[in-house]
$ cat target-v8.pdb   # PDB, C-alpha atoms
MODEL        1
ATOM      1  CA  GLN A   1      -3.124   5.497   8.017
ATOM      2  CA  GLY A   2      -6.434   3.666   7.786
ATOM      3  CA  SER A   3      -7.036  -0.050   8.181
ATOM      4  CA  ASN A   4     -10.520  -1.573   7.874
ATOM      5  CA  TYR A   5     -12.417   0.420  10.535
ATOM      6  CA  SER A   6      -9.342   1.606  12.441
ATOM      7  CA  VAL A   7      -6.733   4.358  12.244
ATOM      8  CA  ILE A   8      -3.007   3.978  12.970
ATOM      9  CA  ALA A   9      -0.824   7.062  13.407
ATOM     10  CA  LEU A  10       2.915   7.644  13.707
ATOM     11  CA  LYS A  11       3.932  10.630  15.837
ATOM     12  CA  SER A  12       7.047  12.731  15.330
ATOM     13  CA  ASP A  13       8.534  11.271  18.535
ATOM     14  CA  GLY A  14       8.571   7.784  16.981
ATOM     15  CA  THR A  15       5.605   6.386  18.926
ATOM     16  CA  VAL A  16       2.592   4.682  17.332
ATOM     17  CA  TRP A  17      -1.049   5.281  18.279
ATOM     18  CA  GLY A  18      -4.376   3.863  17.138
ATOM     19  CA  PHE A  19      -8.121   3.936  17.593
ATOM     20  CA  GLY A  20     -11.209   2.257  16.167
ATOM     21  CA  PHE A  21     -12.304  -1.303  15.438
ATOM     22  CA  ASN A  22      -9.919  -3.829  16.956
ATOM     23  CA  PHE A  23     -11.426  -7.298  16.585
ATOM     24  CA  TYR A  24      -8.244  -8.745  15.078
ATOM     25  CA  GLY A  25      -5.886  -6.916  17.428
ATOM     26  CA  ASP A  26      -4.956  -4.467  14.696
ATOM     27  CA  LEU A  27      -4.457  -1.633  17.212
ATOM     28  CA  GLY A  28      -1.600  -3.613  18.763
ATOM     29  CA  VAL A  29      -2.506  -2.695  22.339
ATOM     30  CA  GLY A  30      -2.862  -6.228  23.707
ATOM     31  CA  ASP A  31      -6.642  -6.587  23.501
ATOM     32  CA  ASN A  32      -9.386  -7.128  20.930
ATOM     33  CA  VAL A  33     -11.942  -4.491  21.919
ATOM     34  CA  PRO A  34     -12.730  -1.181  20.181
ATOM     35  CA  HIS A  35     -11.032   2.010  21.354
ATOM     36  CA  THR A  36     -12.853   5.262  20.625
ATOM     37  CA  THR A  37      -9.927   7.490  21.628
ATOM     38  CA  PRO A  38      -6.246   7.174  20.618
ATOM     39  CA  VAL A  39      -4.204   4.616  22.561
ATOM     40  CA  GLN A  40      -0.446   4.139  22.350
ATOM     41  CA  VAL A  41       0.975   0.886  21.051
ATOM     42  CA  PRO A  42       3.175  -0.316  23.924
ATOM     43  CA  GLY A  43       6.796  -1.305  23.519
ATOM     44  CA  LEU A  44       7.436   0.660  20.327
ATOM     45  CA  SER A  45       9.863   3.584  20.038
ATOM     46  CA  ASN A  46      12.010   5.201  17.372
ATOM     47  CA  ILE A  47       9.585   4.110  14.643
ATOM     48  CA  THR A  48      10.268   5.838  11.319
ATOM     49  CA  GLN A  49       7.539   4.355   9.074
ATOM     50  CA  ILE A  50       4.259   2.500   9.432
ATOM     51  CA  ALA A  51       2.319   0.545   6.816
ATOM     52  CA  VAL A  52      -1.290  -0.552   7.244
ATOM     53  CA  GLY A  53      -2.843  -3.462   5.378
ATOM     54  CA  GLY A  54      -6.369  -4.844   5.466
ATOM     55  CA  ARG A  55      -6.354  -5.513   9.218
ATOM     56  CA  PHE A  56      -2.670  -5.831  10.007
ATOM     57  CA  VAL A  57       0.078  -3.298  10.646
ATOM     58  CA  MET A  58       3.826  -3.056  10.036
ATOM     59  CA  ALA A  59       6.230  -0.692  11.800
ATOM     60  CA  LEU A  60       9.842   0.039  10.808
ATOM     61  CA  LYS A  61      12.289   1.057  13.541
ATOM     62  CA  ASN A  62      15.286   3.322  12.993
ATOM     63  CA  ASP A  63      17.637   0.359  13.433
ATOM     64  CA  GLY A  64      16.154  -1.430  10.400
ATOM     65  CA  THR A  65      14.035  -3.944  12.327
ATOM     66  CA  VAL A  66      10.336  -4.560  11.655
ATOM     67  CA  PHE A  67       7.378  -5.125  13.985
ATOM     68  CA  THR A  68       4.001  -6.533  12.909
ATOM     69  CA  TRP A  69       0.600  -7.251  14.473
ATOM     70  CA  GLY A  70      -3.075  -7.848  13.736
ATOM     71  CA  LEU A  71      -4.859 -10.259  11.396
ATOM     72  CA  ASN A  72      -2.633 -13.197  10.450
ATOM     73  CA  SER A  73      -4.881 -15.568   8.499
ATOM     74  CA  GLY A  74      -2.533 -15.360   5.513
ATOM     75  CA  GLY A  75       0.720 -15.358   7.460
ATOM     76  CA  GLN A  76       1.069 -11.587   6.999
ATOM     77  CA  VAL A  77       2.452 -11.072  10.507
ATOM     78  CA  GLY A  78       5.468 -13.151   9.470
ATOM     79  CA  ASP A  79       5.798 -15.148  12.679
ATOM     80  CA  GLY A  80       5.499 -18.587  11.065
ATOM     81  CA  THR A  81       1.864 -19.057  12.130
ATOM     82  CA  THR A  82      -1.623 -18.009  11.039
ATOM     83  CA  THR A  83      -2.657 -16.942  14.543
ATOM     84  CA  ASN A  84      -3.708 -13.330  15.007
ATOM     85  CA  ARG A  85      -1.502 -11.122  17.210
ATOM     86  CA  ASN A  86      -2.841  -8.215  19.262
ATOM     87  CA  SER A  87       0.547  -6.831  20.272
ATOM     88  CA  PRO A  88       3.718  -6.074  18.258
ATOM     89  CA  TYR A  89       5.867  -8.978  17.129
ATOM     90  CA  GLN A  90       9.473  -8.265  16.204
ATOM     91  CA  ILE A  91      10.471 -10.278  13.157
ATOM     92  CA  PRO A  92      13.799 -11.920  14.071
ATOM     93  CA  VAL A  93      16.910 -10.187  12.768
ATOM     94  CA  ALA A  94      18.094 -13.521  11.406
ATOM     95  CA  SER A  95      15.296 -13.430   8.816
ATOM     96  CA  LEU A  96      14.771  -9.676   8.389
ATOM     97  CA  SER A  97      17.188  -6.822   9.115
ATOM     98  CA  ASN A  98      18.604  -3.647   7.553
ATOM     99  CA  VAL A  99      15.149  -2.709   6.251
ATOM    100  CA  THR A 100      14.794   0.747   4.668
ATOM    101  CA  PHE A 101      11.181   0.765   3.378
ATOM    102  CA  ILE A 102       7.995  -1.205   4.087
ATOM    103  CA  SER A 103       4.567  -1.610   2.510
ATOM    104  CA  ALA A 104       1.465  -3.590   3.432
ATOM    105  CA  GLY A 105      -0.897  -5.009   0.851
ATOM    106  CA  GLU A 106      -4.335  -6.249   1.796
ATOM    107  CA  ASN A 107      -2.913  -9.461   3.291
ATOM    108  CA  HIS A 108       0.736  -9.458   2.234
ATOM    109  CA  ALA A 109       3.864  -7.636   3.368
ATOM    110  CA  LEU A 110       6.899  -6.216   1.556
ATOM    111  CA  ALA A 111      10.203  -4.936   2.955
ATOM    112  CA  VAL A 112      13.102  -3.343   1.062
ATOM    113  CA  LEU A 113      16.583  -3.962   2.460
ATOM    114  CA  SER A 114      19.561  -1.625   2.410
ATOM    115  CA  ASP A 115      21.179  -3.743  -0.328
ATOM    116  CA  LYS A 116      18.058  -3.058  -2.496
ATOM    117  CA  THR A 117      16.781  -6.618  -2.313
ATOM    118  CA  LEU A 118      13.163  -7.349  -1.424
ATOM    119  CA  LYS A 119      11.683  -9.603   1.255
ATOM    120  CA  VAL A 120       8.016 -10.655   1.179
ATOM    121  CA  TRP A 121       5.550 -12.774   3.131
ATOM    122  CA  GLY A 122       1.821 -13.388   3.603
ATOM    123  CA  THR A 123      -0.977 -14.332   1.206
ATOM    124  CA  ASN A 124       0.206 -15.361  -2.259
ATOM    125  CA  THR A 125      -2.892 -16.771  -3.949
ATOM    126  CA  SER A 126      -2.510 -14.395  -6.914
ATOM    127  CA  GLY A 127       1.262 -14.400  -7.039
ATOM    128  CA  GLN A 128       1.382 -11.024  -5.242
ATOM    129  CA  LEU A 129       4.646 -11.983  -3.541
ATOM    130  CA  GLY A 130       6.485 -12.273  -6.871
ATOM    131  CA  LEU A 131       8.054 -15.638  -6.094
ATOM    132  CA  GLY A 132       7.193 -17.375  -9.366
ATOM    133  CA  HIS A 133       4.357 -19.440  -7.876
ATOM    134  CA  THR A 134       1.055 -19.130  -6.008
ATOM    135  CA  THR A 135       1.891 -21.278  -3.001
ATOM    136  CA  SER A 136       0.148 -19.673  -0.029
ATOM    137  CA  PRO A 137       0.526 -18.663   2.713
ATOM    138  CA  ILE A 138       4.189 -17.738   3.064
ATOM    139  CA  LYS A 139       4.505 -17.324   6.828
ATOM    140  CA  THR A 140       8.036 -15.915   7.152
ATOM    141  CA  PRO A 141      10.078 -13.473   5.032
ATOM    142  CA  VAL A 142      11.600 -14.786   1.790
ATOM    143  CA  THR A 143      13.610 -13.053  -0.932
ATOM    144  CA  VAL A 144      12.182 -12.093  -4.332
ATOM    145  CA  ALA A 145      14.871 -13.383  -6.678
ATOM    146  CA  LEU A 146      13.939 -11.134  -9.603
ATOM    147  CA  ALA A 147      13.845  -7.856  -7.660
ATOM    148  CA  THR A 148      17.444  -6.817  -6.982
ATOM    149  CA  ASP A 149      17.538  -3.020  -7.335
ATOM    150  CA  VAL A 150      14.485  -1.904  -5.360
ATOM    151  CA  VAL A 151      14.198   1.313  -3.342
ATOM    152  CA  LYS A 152      10.424   1.533  -2.710
ATOM    153  CA  VAL A 153       7.442  -0.821  -2.898
ATOM    154  CA  ALA A 154       3.643  -0.703  -2.802
ATOM    155  CA  GLY A 155       1.245  -3.509  -1.981
ATOM    156  CA  GLY A 156      -2.258  -3.582  -3.470
ATOM    157  CA  PHE A 157      -5.060  -6.050  -2.851
ATOM    158  CA  TYR A 158      -3.648  -8.847  -5.008
ATOM    159  CA  HIS A 159      -0.699  -7.200  -6.761
ATOM    160  CA  SER A 160       2.506  -5.355  -5.926
ATOM    161  CA  LEU A 161       4.718  -2.639  -7.397
ATOM    162  CA  ALA A 162       8.432  -2.007  -6.933
ATOM    163  CA  LEU A 163      10.411   1.093  -7.839
ATOM    164  CA  ASN A 164      13.962   0.435  -9.030
ATOM    165  CA  SER A 165      16.802   2.854  -8.311
ATOM    166  CA  ASP A 166      16.946   3.784 -12.019
ATOM    167  CA  GLY A 167      13.343   5.054 -11.969
ATOM    168  CA  THR A 168      11.766   2.055 -13.694
ATOM    169  CA  VAL A 169       8.871   0.093 -12.195
ATOM    170  CA  LEU A 170       8.200  -3.611 -11.699
ATOM    171  CA  ALA A 171       4.722  -5.087 -11.189
ATOM    172  CA  TRP A 172       3.382  -8.551 -10.423
ATOM    173  CA  GLY A 173       0.390 -10.470  -9.069
ATOM    174  CA  GLY A 174      -3.253 -10.340 -10.062
ATOM    175  CA  ASN A 175      -4.032  -8.428 -13.239
ATOM    176  CA  SER A 176      -7.811  -8.639 -13.504
ATOM    177  CA  TRP A 177      -8.179  -5.025 -14.642
ATOM    178  CA  GLY A 178      -4.795  -4.080 -16.070
ATOM    179  CA  GLU A 179      -3.129  -3.138 -12.798
ATOM    180  CA  ILE A 180       0.178  -4.611 -13.997
ATOM    181  CA  GLY A 181       0.203  -1.914 -16.696
ATOM    182  CA  ASN A 182       1.526  -3.964 -19.614
ATOM    183  CA  GLY A 183      -1.574  -3.744 -21.825
ATOM    184  CA  THR A 184      -3.129  -7.042 -20.728
ATOM    185  CA  SER A 185      -5.856  -8.020 -18.254
ATOM    186  CA  GLY A 186      -7.544 -11.100 -16.849
ATOM    187  CA  ASN A 187      -4.327 -12.954 -16.109
ATOM    188  CA  THR A 188      -1.798 -13.420 -13.310
ATOM    189  CA  TYR A 189       1.934 -12.685 -13.187
ATOM    190  CA  THR A 190       3.726 -14.557 -10.439
ATOM    191  CA  SER A 191       7.112 -12.926 -11.158
ATOM    192  CA  PRO A 192       8.089  -9.240 -11.484
ATOM    193  CA  GLN A 193       7.383  -7.644 -14.866
ATOM    194  CA  VAL A 194       8.798  -4.328 -16.111
ATOM    195  CA  VAL A 195       5.967  -1.843 -16.646
ATOM    196  CA  PRO A 196       6.513  -0.578 -20.221
ATOM    197  CA  GLY A 197       6.849   3.131 -20.853
ATOM    198  CA  LEU A 198       7.609   4.230 -17.302
ATOM    199  CA  SER A 199      10.845   6.049 -16.442
ATOM    200  CA  ASN A 200      11.998   8.698 -13.967
ATOM    201  CA  VAL A 201       9.495   7.423 -11.390
ATOM    202  CA  THR A 202      10.029   8.561  -7.792
ATOM    203  CA  SER A 203       7.090   6.956  -5.963
ATOM    204  CA  VAL A 204       4.636   4.075  -6.435
ATOM    205  CA  ALA A 205       1.160   3.423  -4.990
ATOM    206  CA  ALA A 206      -1.223   0.471  -5.217
ATOM    207  CA  ALA A 207      -4.682  -0.316  -3.861
ATOM    208  CA  GLN A 208      -7.759  -2.307  -4.921
ATOM    209  CA  TYR A 209      -7.012  -3.519  -8.463
ATOM    210  CA  PHE A 210      -5.274  -0.308  -9.575
ATOM    211  CA  SER A 211      -1.881   1.363  -9.536
ATOM    212  CA  ALA A 212      -0.466   4.894  -9.586
ATOM    213  CA  VAL A 213       3.029   6.313  -9.936
ATOM    214  CA  LEU A 214       4.639   9.714  -9.486
ATOM    215  CA  LYS A 215       7.390  10.895 -11.836
ATOM    216  CA  SER A 216      10.278  13.265 -11.111
ATOM    217  CA  ASP A 217       8.592  15.982 -13.192
ATOM    218  CA  GLY A 218       5.631  15.991 -10.757
ATOM    219  CA  SER A 219       3.247  14.161 -13.094
ATOM    220  CA  VAL A 220       0.928  11.349 -11.953
ATOM    221  CA  TRP A 221       0.213   8.245 -14.035
ATOM    222  CA  THR A 222      -2.521   5.684 -13.268
ATOM    223  CA  PHE A 223      -3.590   2.255 -14.538
ATOM    224  CA  GLY A 224      -5.866  -0.646 -13.658
ATOM    225  CA  SER A 225      -9.458  -0.859 -12.494
ATOM    226  CA  ASN A 226     -11.541   2.267 -13.005
ATOM    227  CA  SER A 227     -14.933   1.100 -11.733
ATOM    228  CA  TYR A 228     -15.001   3.874  -9.131
ATOM    229  CA  TYR A 229     -12.983   6.401 -11.171
ATOM    230  CA  MET A 230      -9.663   5.516  -9.509
ATOM    231  CA  VAL A 231      -7.816   6.181 -12.761
ATOM    232  CA  GLY A 232      -9.159   9.742 -12.614
ATOM    233  CA  ASN A 233      -9.849  10.181 -16.335
ATOM    234  CA  ASN A 234     -13.633  10.736 -16.177
ATOM    235  CA  ASP A 235     -14.752   7.257 -17.267
ATOM    236  CA  THR A 236     -15.050   3.757 -15.830
ATOM    237  CA  GLN A 237     -13.192   1.733 -18.447
ATOM    238  CA  PRO A 238     -10.126  -0.209 -17.238
ATOM    239  CA  GLN A 239      -6.807   1.425 -18.074
ATOM    240  CA  LYS A 240      -4.329  -1.282 -19.089
ATOM    241  CA  THR A 241      -1.297   0.972 -19.631
ATOM    242  CA  PRO A 242      -0.091   3.985 -17.608
ATOM    243  CA  LEU A 243      -2.131   7.140 -18.289
ATOM    244  CA  LYS A 244      -0.889  10.653 -17.483
ATOM    245  CA  LEU A 245      -3.379  12.812 -15.573
ATOM    246  CA  THR A 246      -2.914  16.151 -17.278
ATOM    247  CA  VAL A 247      -4.976  18.074 -14.708
ATOM    248  CA  LEU A 248      -2.260  17.438 -12.110
ATOM    249  CA  SER A 249       1.216  18.989 -12.016
ATOM    250  CA  ASN A 250       4.027  19.557  -9.534
ATOM    251  CA  VAL A 251       2.864  16.691  -7.318
ATOM    252  CA  THR A 252       5.216  15.835  -4.450
ATOM    253  CA  VAL A 253       3.354  13.085  -2.546
ATOM    254  CA  LEU A 254       1.146  10.274  -3.887
ATOM    255  CA  LYS A 255      -0.859   7.752  -1.834
ATOM    256  CA  ALA A 256      -3.588   5.194  -2.612
ATOM    257  CA  LYS A 257      -5.915   3.188  -0.383
ATOM    258  CA  PHE A 258      -8.867   0.918  -1.186
ATOM    259  CA  ARG A 259     -10.557   2.770  -4.102
ATOM    260  CA  ASN A 260      -9.073   6.228  -3.622
ATOM    261  CA  VAL A 261      -6.006   8.282  -4.508
ATOM    262  CA  ILE A 262      -4.683  11.409  -2.808
ATOM    263  CA  ALA A 263      -1.933  13.654  -4.143
ATOM    264  CA  LEU A 264      -0.207  16.653  -2.573
ATOM    265  CA  ASP A 265       1.212  19.324  -4.862
ATOM    266  CA  ALA A 266       4.170  21.656  -4.364
ATOM    267  CA  ASN A 267       1.852  24.301  -2.903
ATOM    268  CA  ASN A 268       0.674  21.815  -0.244
ATOM    269  CA  ARG A 269      -2.741  21.543  -1.880
ATOM    270  CA  PRO A 270      -4.359  18.077  -1.569
ATOM    271  CA  TRP A 271      -6.110  16.511  -4.564
ATOM    272  CA  THR A 272      -8.374  13.453  -4.277
ATOM    273  CA  TRP A 273     -10.466  11.235  -6.532
ATOM    274  CA  GLY A 274     -12.287   7.908  -6.699
ATOM    275  CA  TYR A 275     -14.837   6.222  -4.439
ATOM    276  CA  ASN A 276     -16.862   8.648  -2.337
ATOM    277  CA  ALA A 277     -19.849   6.850  -0.795
ATOM    278  CA  ALA A 278     -18.800   7.989   2.685
ATOM    279  CA  GLY A 279     -17.477  11.396   1.626
ATOM    280  CA  GLN A 280     -13.830  10.296   1.691
ATOM    281  CA  VAL A 281     -12.970  12.507  -1.303
ATOM    282  CA  GLY A 282     -13.919  15.567   0.733
ATOM    283  CA  ASN A 283     -15.963  17.256  -1.999
ATOM    284  CA  ASN A 284     -19.042  17.704   0.224
ATOM    285  CA  THR A 285     -21.015  15.060  -1.673
ATOM    286  CA  GLY A 286     -21.499  11.312  -1.656
ATOM    287  CA  THR A 287     -20.837  11.085  -5.377
ATOM    288  CA  ASP A 288     -17.730   9.373  -6.731
ATOM    289  CA  GLN A 289     -15.094  11.825  -7.959
ATOM    290  CA  LYS A 290     -14.334  11.200 -11.653
ATOM    291  CA  THR A 291     -11.232  13.427 -11.936
ATOM    292  CA  PRO A 292      -8.760  14.867  -9.408
ATOM    293  CA  TYR A 293     -10.509  17.322  -7.061
ATOM    294  CA  GLN A 294      -8.646  20.031  -5.187
ATOM    295  CA  MET A 295      -9.795  19.886  -1.579
ATOM    296  CA  LYS A 296     -10.691  23.245  -0.085
ATOM    297  CA  PRO A 297      -9.642  24.434   3.399
TER     298      PRO A 297
ENDMDL
END
$ encode --input "target-v8.pdb" --output "structure tokens"
Amino acid sequence: QGSNYSVIALKSDGTVWGFGFNFYGDLGVGDNVPHTTPVQVPGLSNITQIAVGGRFVMALKNDGTVFTWGLNSGGQVGDGTTTNRNSPYQIPVASLSNVTFISAGENHALAVLSDKTLKVWGTNTSGQLGLGHTTSPIKTPVTVALATDVVKVAGGFYHSLALNSDGTVLAWGGNSWGEIGNGTSGNTYTSPQVVPGLSNVTSVAAAQYFSAVLKSDGSVWTFGSNSYYMVGNNDTQPQKTPLKLTVLSNVTVLKAKFRNVIALDANNRPWTWGYNAAGQVGNNTGTDQKTPYQMKP
């Protein structure tokens, strides 16, 4: 996964590796200098999931414990301070255990527990932690009272999404461009809101001011900012309610980062769209991709 100017990778043996820009210690290797080749994050094993935020990283171990490192200006490392960490910090079991799923927003963290409750910490200036206020930073994990049936989460820049076990979706935080999906924009929701019209959802994704969800029928729905065609509907107008992308079908995996979305279909074909100034869409141009593009081998 990509942070700002660095790459973090999880290997099949449960180890974590990284390379790239490392000024905030976001490679977790104990220093703050760039690494141009992959280096292993020491002290980590049996990792089952990683989540990369703006310049901080989360790692979930197979025993349900969570490790964090990197930029900590908003308390996103969860160690009770705002001091950056260049090596993994294990969040104490007393405050966070039995975790089944993690997600990193730009500067906030989310962790789903085995009892389907949600713990959050980090920057909360737009209510992205869902705690009913905008007090910030929150430097250690706290429970979201109004999210009690969660199985997956996604952190955006200033908003968050949660998938309930019944296939419905909750959203909260900044809503400048309709990323909450309830038909409004230009406001803030500090507590979880049900996204109207969504059911049978199996996965959620969030990035810079926009959201995307995957349904059990393989369809993809998007909403929020569309300034770089992240909605994928061939225009730049904000989408304030979930929109089905009819060009896509049989999607099995959905991810979003910064101003881009990538989807993998049942035939293992990747589709991408959105911001493309550096060629990140893979369409052999530097032009933003207005609709989903099937990447060629």
$ resolve_selection --input "target-v8.pdb" --expression "the PyMOL selection byres ((chain A and resi 224-236) around 6)" --output "ChimeraX atom specification"
/A:177-179,209-210,222-223,237-240,260,274-275,290-291
$ resolve_selection --input "target-v8.pdb" --expression "the PyMOL selection byres ((chain A and resi 88) around 6)" --output "ChimeraX atom specification"
/A:28,67-69,87,89
$ resolve_selection --input "target-v8.pdb" --expression "the PyMOL selection byres ((chain A and resi 202) around 9)" --output "list of chain:residue names"
A:Lys152, A:Leu163, A:Ser165, A:Gly167, A:Thr168, A:Asn200, A:Val201, A:Ser203, A:Val204, A:Val213, A:Leu214, A:Lys215, A:Ser216
$ write_last_selection --input "target-v8.pdb" --atoms "C-alpha atoms" --output "CSV table (one decimal), keeping the file's coordinate frame"
chain,number,residue,atom,x,y,z
A,152,LYS,CA,10.4,1.5,-2.7
A,163,LEU,CA,10.4,1.1,-7.8
A,165,SER,CA,16.8,2.9,-8.3
A,167,GLY,CA,13.3,5.1,-12.0
A,168,THR,CA,11.8,2.1,-13.7
A,200,ASN,CA,12.0,8.7,-14.0
A,201,VAL,CA,9.5,7.4,-11.4
A,203,SER,CA,7.1,7.0,-6.0
A,204,VAL,CA,4.6,4.1,-6.4
A,213,VAL,CA,3.0,6.3,-9.9
A,214,LEU,CA,4.6,9.7,-9.5
A,215,LYS,CA,7.4,10.9,-11.8
A,216,SER,CA,10.3,13.3,-11.1
$ residues_around --input "target-v8.pdb" --residues "Lys255 of chain A" --least-positions-apart "2" --cutoff "6 Å" --atoms "all atoms listed in the file" --output "compact mmCIF listing (two decimals) with C-alpha atoms, keeping the file's coordinate frame"
# COMPACT_ATOMS: atom_id res chain seq x y z
CA ALA A 205 1.16 3.42 -4.99
CA VAL A 261 -6.01 8.28 -4.51
CA ILE A 262 -4.68 11.41 -2.81
$ atom_distance --input "target-v8.pdb" --atom1 "atom CA of Asn32 of chain A" --atom2 "atom CA of Trp17 of chain A"
15.2 Å
$ closest_residue --input "target-v8.pdb" --among "A:Thr37, A:Thr148, A:Pro297, A:Pro192" --to "Asn284 of chain A" --atoms "only C-alpha atoms"
A:Pro297
$ atom_distance --input "target-v8.pdb" --atom1 "atom CA of Leu198 of chain A" --atom2 "atom CA of Gln280 of chain A"
29.3 Å
$ atom_distance --input "target-v8.pdb" --atom1 "atom CA of Val220 of chain A" --atom2 "atom CA of Gly279 of chain A"
22.9 Å
$ axis_aligned_box --input "target-v8.pdb" --around "segment 237-255 of chain A" --padding-each-side "3 Å" --output "JSON"
{"center_x": -4.0, "center_y": 9.1, "center_z": -10.7, "size_x": 24.4, "size_y": 26.8, "size_z": 23.8}
$ residues_around --input "target-v8.pdb" --residues "Asp149 of chain A" --least-positions-apart "6" --cutoff "12 Å" --atoms "all atoms listed in the file" --output "PDB file with C-alpha atoms, in the frame of the given file"
ATOM      1  CA  VAL A 112      13.102  -3.343   1.062  1.00  0.00           C
ATOM      2  CA  LEU A 113      16.583  -3.962   2.460  1.00  0.00           C
ATOM      3  CA  SER A 114      19.561  -1.625   2.410  1.00  0.00           C
ATOM      4  CA  ASP A 115      21.179  -3.743  -0.328  1.00  0.00           C
ATOM      5  CA  LYS A 116      18.058  -3.058  -2.496  1.00  0.00           C
ATOM      6  CA  THR A 117      16.781  -6.618  -2.313  1.00  0.00           C
ATOM      7  CA  LEU A 118      13.163  -7.349  -1.424  1.00  0.00           C
ATOM      8  CA  ALA A 162       8.432  -2.007  -6.933  1.00  0.00           C
ATOM      9  CA  LEU A 163      10.411   1.093  -7.839  1.00  0.00           C
ATOM     10  CA  ASN A 164      13.962   0.435  -9.030  1.00  0.00           C
ATOM     11  CA  SER A 165      16.802   2.854  -8.311  1.00  0.00           C
ATOM     12  CA  ASP A 166      16.946   3.784 -12.019  1.00  0.00           C
ATOM     13  CA  GLY A 167      13.343   5.054 -11.969  1.00  0.00           C
ATOM     14  CA  THR A 168      11.766   2.055 -13.694  1.00  0.00           C
ATOM     15  CA  VAL A 169       8.871   0.093 -12.195  1.00  0.00           C
ATOM     16  CA  LEU A 170       8.200  -3.611 -11.699  1.00  0.00           C
TER      17      LEU A 170
END
$ residues_around --input "target-v8.pdb" --residues "Thr135 of chain A" --least-positions-apart "2" --cutoff "7 Å" --atoms "all atoms listed in the file" --output "list in words"
Asn124, Thr125, His133 and Pro137 of chain A
$ build_atoms --input "target-v8.pdb" --residues "segment 123-127 of chain A" --atoms "all heavy atoms" --output "PDB file, keeping the file's coordinate frame"
ATOM      1  N   THR A 123      -0.129 -13.686   2.206  1.00  0.00           N
ATOM      2  CA  THR A 123      -0.977 -14.332   1.206  1.00  0.00           C
ATOM      3  C   THR A 123      -0.361 -14.221  -0.187  1.00  0.00           C
ATOM      4  O   THR A 123       0.149 -13.168  -0.563  1.00  0.00           O
ATOM      5  CB  THR A 123      -2.371 -13.698   1.210  1.00  0.00           C
ATOM      6  OG1 THR A 123      -2.957 -13.863   2.512  1.00  0.00           O
ATOM      7  CG2 THR A 123      -3.270 -14.343   0.175  1.00  0.00           C
ATOM      8  N   ASN A 124      -0.435 -15.317  -0.947  1.00  0.00           N
ATOM      9  CA  ASN A 124       0.206 -15.361  -2.259  1.00  0.00           C
ATOM     10  C   ASN A 124      -0.673 -16.051  -3.297  1.00  0.00           C
ATOM     11  O   ASN A 124      -0.185 -16.554  -4.299  1.00  0.00           O
ATOM     12  CB  ASN A 124       1.562 -16.086  -2.144  1.00  0.00           C
ATOM     13  CG  ASN A 124       2.403 -15.967  -3.387  1.00  0.00           C
ATOM     14  OD1 ASN A 124       2.482 -14.910  -4.006  1.00  0.00           O
ATOM     15  ND2 ASN A 124       3.044 -17.064  -3.774  1.00  0.00           N
ATOM     16  N   THR A 125      -1.974 -16.035  -3.076  1.00  0.00           N
ATOM     17  CA  THR A 125      -2.892 -16.771  -3.949  1.00  0.00           C
ATOM     18  C   THR A 125      -2.929 -16.239  -5.377  1.00  0.00           C
ATOM     19  O   THR A 125      -3.305 -16.970  -6.300  1.00  0.00           O
ATOM     20  CB  THR A 125      -4.310 -16.739  -3.371  1.00  0.00           C
ATOM     21  OG1 THR A 125      -4.671 -15.371  -3.083  1.00  0.00           O
ATOM     22  CG2 THR A 125      -4.388 -17.545  -2.078  1.00  0.00           C
ATOM     23  N   SER A 126      -2.555 -14.980  -5.573  1.00  0.00           N
ATOM     24  CA  SER A 126      -2.510 -14.395  -6.914  1.00  0.00           C
ATOM     25  C   SER A 126      -1.091 -14.077  -7.360  1.00  0.00           C
ATOM     26  O   SER A 126      -0.892 -13.289  -8.289  1.00  0.00           O
ATOM     27  CB  SER A 126      -3.362 -13.119  -6.955  1.00  0.00           C
ATOM     28  OG  SER A 126      -4.722 -13.407  -6.743  1.00  0.00           O
ATOM     29  N   GLY A 127      -0.126 -14.667  -6.686  1.00  0.00           N
ATOM     30  CA  GLY A 127       1.262 -14.400  -7.039  1.00  0.00           C
ATOM     31  C   GLY A 127       1.733 -13.026  -6.603  1.00  0.00           C
ATOM     32  O   GLY A 127       2.762 -12.536  -7.091  1.00  0.00           O
TER      33      GLY A 127
END
